[in-house]
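Trainee: Following this message is one structure expressed as structure tokens.
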Amino acid sequence: MNEMVVTEWFVEPSDAHTNEVIVKNLIHLGQYQEGVNLIDNSGAPHFVFPLESHTFITRLYKDQIKFILRFKVFYRRGVKSPLRLWRFEEASYKRAKKAKKRIIKKGKF
């Protein structure tokens, strides 16, 4: 039978200010869970906060510049899989993707 694979989301604050903002917002939304230490796919440990959905991450990215937030987003598929870094909403990834599209449009790829 086909088993549904659940994607879990995590956020790792990079400084004390971001940690405080994340915890306050999660408490306000009623989604706060204790932070946990998990291992990523390269074997490095990370102290992350579990999130209920990707919606909170989207909100963090929107407020990133306004509130000077520094964080990393991780996900994992299934309970026992390692964390993987989520890069698709980072500005550098978006710029690279747009540059590649421009090259493809010009027929140089």
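In the structure tokens, the first chain shown is A, the next is B, and so on; residue numbers restart at 1 for each chain, and ligands run from 1 in the order shown.
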Run DSSP on the backbone and give me the residues of chain A it puts in strand (DSSP E or B), as a CSV table (one decimal) with N, CA and C atoms, in the first residue's frame.

Mentor:
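Okay, this is what ended up in selection_14.csv:
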```csv
chain,number,residue,atom,x,y,z
A,7,THR,N,6.0,15.6,5.8
A,7,THR,CA,7.1,16.5,5.8
A,7,THR,C,7.0,17.3,7.1
A,8,GLU,N,8.1,17.3,7.8
A,8,GLU,CA,8.1,18.1,9.1
A,8,GLU,C,9.0,19.3,8.8
A,9,TRP,N,8.7,20.5,9.4
A,9,TRP,CA,9.4,21.7,9.3
A,9,TRP,C,10.0,22.1,10.6
A,10,PHE,N,11.2,22.7,10.5
A,10,PHE,CA,12.0,23.2,11.7
A,10,PHE,C,12.7,24.5,11.3
A,11,VAL,N,12.8,25.3,12.4
A,11,VAL,CA,13.5,26.6,12.2
A,11,VAL,C,14.7,26.6,13.3
A,12,GLU,N,15.8,27.1,12.8
A,12,GLU,CA,17.0,27.2,13.7
A,12,GLU,C,17.4,28.7,13.8
A,13,PRO,N,17.1,29.4,14.9
A,13,PRO,CA,17.6,30.8,15.0
A,13,PRO,C,19.1,30.9,15.1
A,36,VAL,N,14.6,21.1,20.0
A,36,VAL,CA,15.2,19.8,20.0
A,36,VAL,C,16.5,19.8,19.3
A,37,ASN,N,17.4,18.9,19.6
A,37,ASN,CA,18.7,18.7,18.9
A,37,ASN,C,18.5,17.6,17.9
A,38,LEU,N,18.7,17.9,16.6
A,38,LEU,CA,18.6,16.9,15.6
A,38,LEU,C,19.8,17.0,14.7
A,39,ILE,N,20.0,15.9,14.0
A,39,ILE,CA,21.2,15.8,13.1
A,39,ILE,C,20.7,16.0,11.6
A,40,ASP,N,21.6,16.8,10.9
A,40,ASP,CA,21.2,17.0,9.5
A,40,ASP,C,21.9,15.9,8.6
A,45,PRO,N,24.9,18.6,14.2
A,45,PRO,CA,23.8,18.8,15.1
A,45,PRO,C,23.2,20.2,14.9
A,46,HIS,N,21.9,20.3,15.1
A,46,HIS,CA,21.2,21.6,15.1
A,46,HIS,C,20.2,21.7,16.2
A,47,PHE,N,20.1,22.8,16.8
A,47,PHE,CA,19.0,23.0,17.8
A,47,PHE,C,17.9,23.8,17.1
A,48,VAL,N,16.8,23.1,16.9
A,48,VAL,CA,15.7,23.6,16.1
A,48,VAL,C,14.4,23.6,16.8
A,49,PHE,N,13.5,24.4,16.4
A,49,PHE,CA,12.1,24.4,16.9
A,49,PHE,C,11.2,23.7,15.9
A,50,PRO,N,10.4,22.7,16.3
A,50,PRO,CA,9.5,22.1,15.3
A,50,PRO,C,8.3,23.0,15.0
A,51,LEU,N,7.9,23.0,13.8
A,51,LEU,CA,6.7,23.9,13.4
A,51,LEU,C,5.6,23.0,12.9
A,71,PHE,N,18.1,33.2,10.5
A,71,PHE,CA,17.6,31.8,10.8
A,71,PHE,C,17.9,30.9,9.6
A,72,LYS,N,17.8,29.6,9.9
A,72,LYS,CA,17.9,28.6,8.8
A,72,LYS,C,16.6,27.7,8.9
A,73,VAL,N,16.1,27.3,7.8
A,73,VAL,CA,14.9,26.4,7.8
A,73,VAL,C,15.4,25.0,7.3
A,74,PHE,N,14.9,24.0,8.1
A,74,PHE,CA,15.1,22.6,7.7
A,74,PHE,C,13.8,21.9,7.6
A,75,TYR,N,13.9,20.8,6.9
A,75,TYR,CA,12.7,19.9,6.7
A,75,TYR,C,13.2,18.5,6.8
A,76,ARG,N,12.3,17.6,7.0
A,76,ARG,CA,12.6,16.2,6.9
A,76,ARG,C,11.3,15.5,6.4
A,77,ARG,N,11.5,14.4,5.7
A,77,ARG,CA,10.4,13.6,5.2
A,77,ARG,C,10.4,12.3,6.0
A,83,LEU,N,17.7,15.9,8.9
A,83,LEU,CA,17.2,17.2,8.5
A,83,LEU,C,17.9,17.5,7.2
A,84,ARG,N,17.2,18.3,6.4
A,84,ARG,CA,17.8,18.9,5.1
A,84,ARG,C,17.5,20.4,5.1
A,85,LEU,N,18.5,21.1,4.7
A,85,LEU,CA,18.4,22.5,4.6
A,85,LEU,C,17.4,22.9,3.5
```

Trainee: Would you list the contacts of Asn25 (chain A) as a list in words, taking every protein, DNA or RNA residue within 12 Å and counting only C-alpha atoms, but skipping same-chain residues closer than 5 positions in sequence?

Mentor: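 Contacts, with the query itself left out: Thr18, Asn19, Glu20, Gly30, Gln31, Tyr32, Gln33, Phe49, Leu51, Phe56, Ile57, Arg59, Leu60 and Asp63 of chain A.
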
Trainee: State, in Å with one decimal place, the distance from CA of Pro82 (chain A) to CA of Ala44 (chain A).

Mentor: 10.0 Å

Trainee: What is the distance between CA of Arg102 (chain A) and CA of Thr58 (chain A), in Å to one decimal?

Mentor: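 Atom-to-atom, CA of Arg102 (chain A) to CA of Thr58 (chain A), that is 26.0 Å.
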
Trainee: Extract the full set of helix (DSSP H, G or I) residues from chain A according to DSSP on the backbone, and format it as a ChimeraX atom specification.

Mentor: /A:16-29,55-63,91-106

Trainee: Restrict the selected residues to C-alpha atoms and save them as a PDB file, in the first residue's frame.

Mentor:
```pdb
ATOM      1  CA  ALA A  16      19.440  35.554  20.485  1.00  0.00           C
ATOM      2  CA  HIS A  17      17.189  38.237  18.969  1.00  0.00           C
ATOM      3  CA  THR A  18      15.805  35.843  16.350  1.00  0.00           C
ATOM      4  CA  ASN A  19      15.358  33.155  18.999  1.00  0.00           C
ATOM      5  CA  GLU A  20      13.307  35.538  21.137  1.00  0.00           C
ATOM      6  CA  VAL A  21      11.136  36.639  18.195  1.00  0.00           C
ATOM      7  CA  ILE A  22      10.481  33.044  17.085  1.00  0.00           C
ATOM      8  CA  VAL A  23       9.583  31.819  20.584  1.00  0.00           C
ATOM      9  CA  LYS A  24       7.261  34.792  21.269  1.00  0.00           C
ATOM     10  CA  ASN A  25       5.461  34.314  17.951  1.00  0.00           C
ATOM     11  CA  LEU A  26       5.083  30.568  18.403  1.00  0.00           C
ATOM     12  CA  ILE A  27       3.671  31.072  21.920  1.00  0.00           C
ATOM     13  CA  HIS A  28       1.277  33.739  20.620  1.00  0.00           C
ATOM     14  CA  LEU A  29       0.054  31.357  17.892  1.00  0.00           C
ATOM     15  CA  THR A  55       2.979  29.013   6.999  1.00  0.00           C
ATOM     16  CA  PHE A  56       5.082  30.253   9.923  1.00  0.00           C
ATOM     17  CA  ILE A  57       8.240  30.001   7.793  1.00  0.00           C
ATOM     18  CA  THR A  58       6.669  32.124   5.057  1.00  0.00           C
ATOM     19  CA  ARG A  59       5.869  34.743   7.683  1.00  0.00           C
ATOM     20  CA  LEU A  60       9.474  34.686   8.942  1.00  0.00           C
ATOM     21  CA  TYR A  61      10.832  35.240   5.432  1.00  0.00           C
ATOM     22  CA  LYS A  62       8.469  38.188   4.922  1.00  0.00           C
ATOM     23  CA  ASP A  63       9.623  39.797   8.209  1.00  0.00           C
ATOM     24  CA  ALA A  91      17.206  35.385  -1.924  1.00  0.00           C
ATOM     25  CA  SER A  92      20.439  33.878  -3.300  1.00  0.00           C
ATOM     26  CA  TYR A  93      18.572  30.804  -4.539  1.00  0.00           C
ATOM     27  CA  LYS A  94      15.911  32.948  -6.199  1.00  0.00           C
ATOM     28  CA  ARG A  95      18.546  35.127  -7.935  1.00  0.00           C
ATOM     29  CA  ALA A  96      20.370  32.077  -9.261  1.00  0.00           C
ATOM     30  CA  LYS A  97      17.118  30.569 -10.509  1.00  0.00           C
ATOM     31  CA  LYS A  98      16.172  33.796 -12.343  1.00  0.00           C
ATOM     32  CA  ALA A  99      19.644  34.034 -13.903  1.00  0.00           C
ATOM     33  CA  LYS A 100      19.365  30.469 -15.161  1.00  0.00           C
ATOM     34  CA  LYS A 101      15.943  31.226 -16.700  1.00  0.00           C
ATOM     35  CA  ARG A 102      17.391  34.256 -18.509  1.00  0.00           C
ATOM     36  CA  ILE A 103      20.213  32.139 -19.938  1.00  0.00           C
ATOM     37  CA  ILE A 104      17.758  29.462 -21.079  1.00  0.00           C
ATOM     38  CA  LYS A 105      15.538  32.092 -22.743  1.00  0.00           C
ATOM     39  CA  LYS A 106      18.509  33.460 -24.678  1.00  0.00           C
TER      40      LYS A 106
END
```
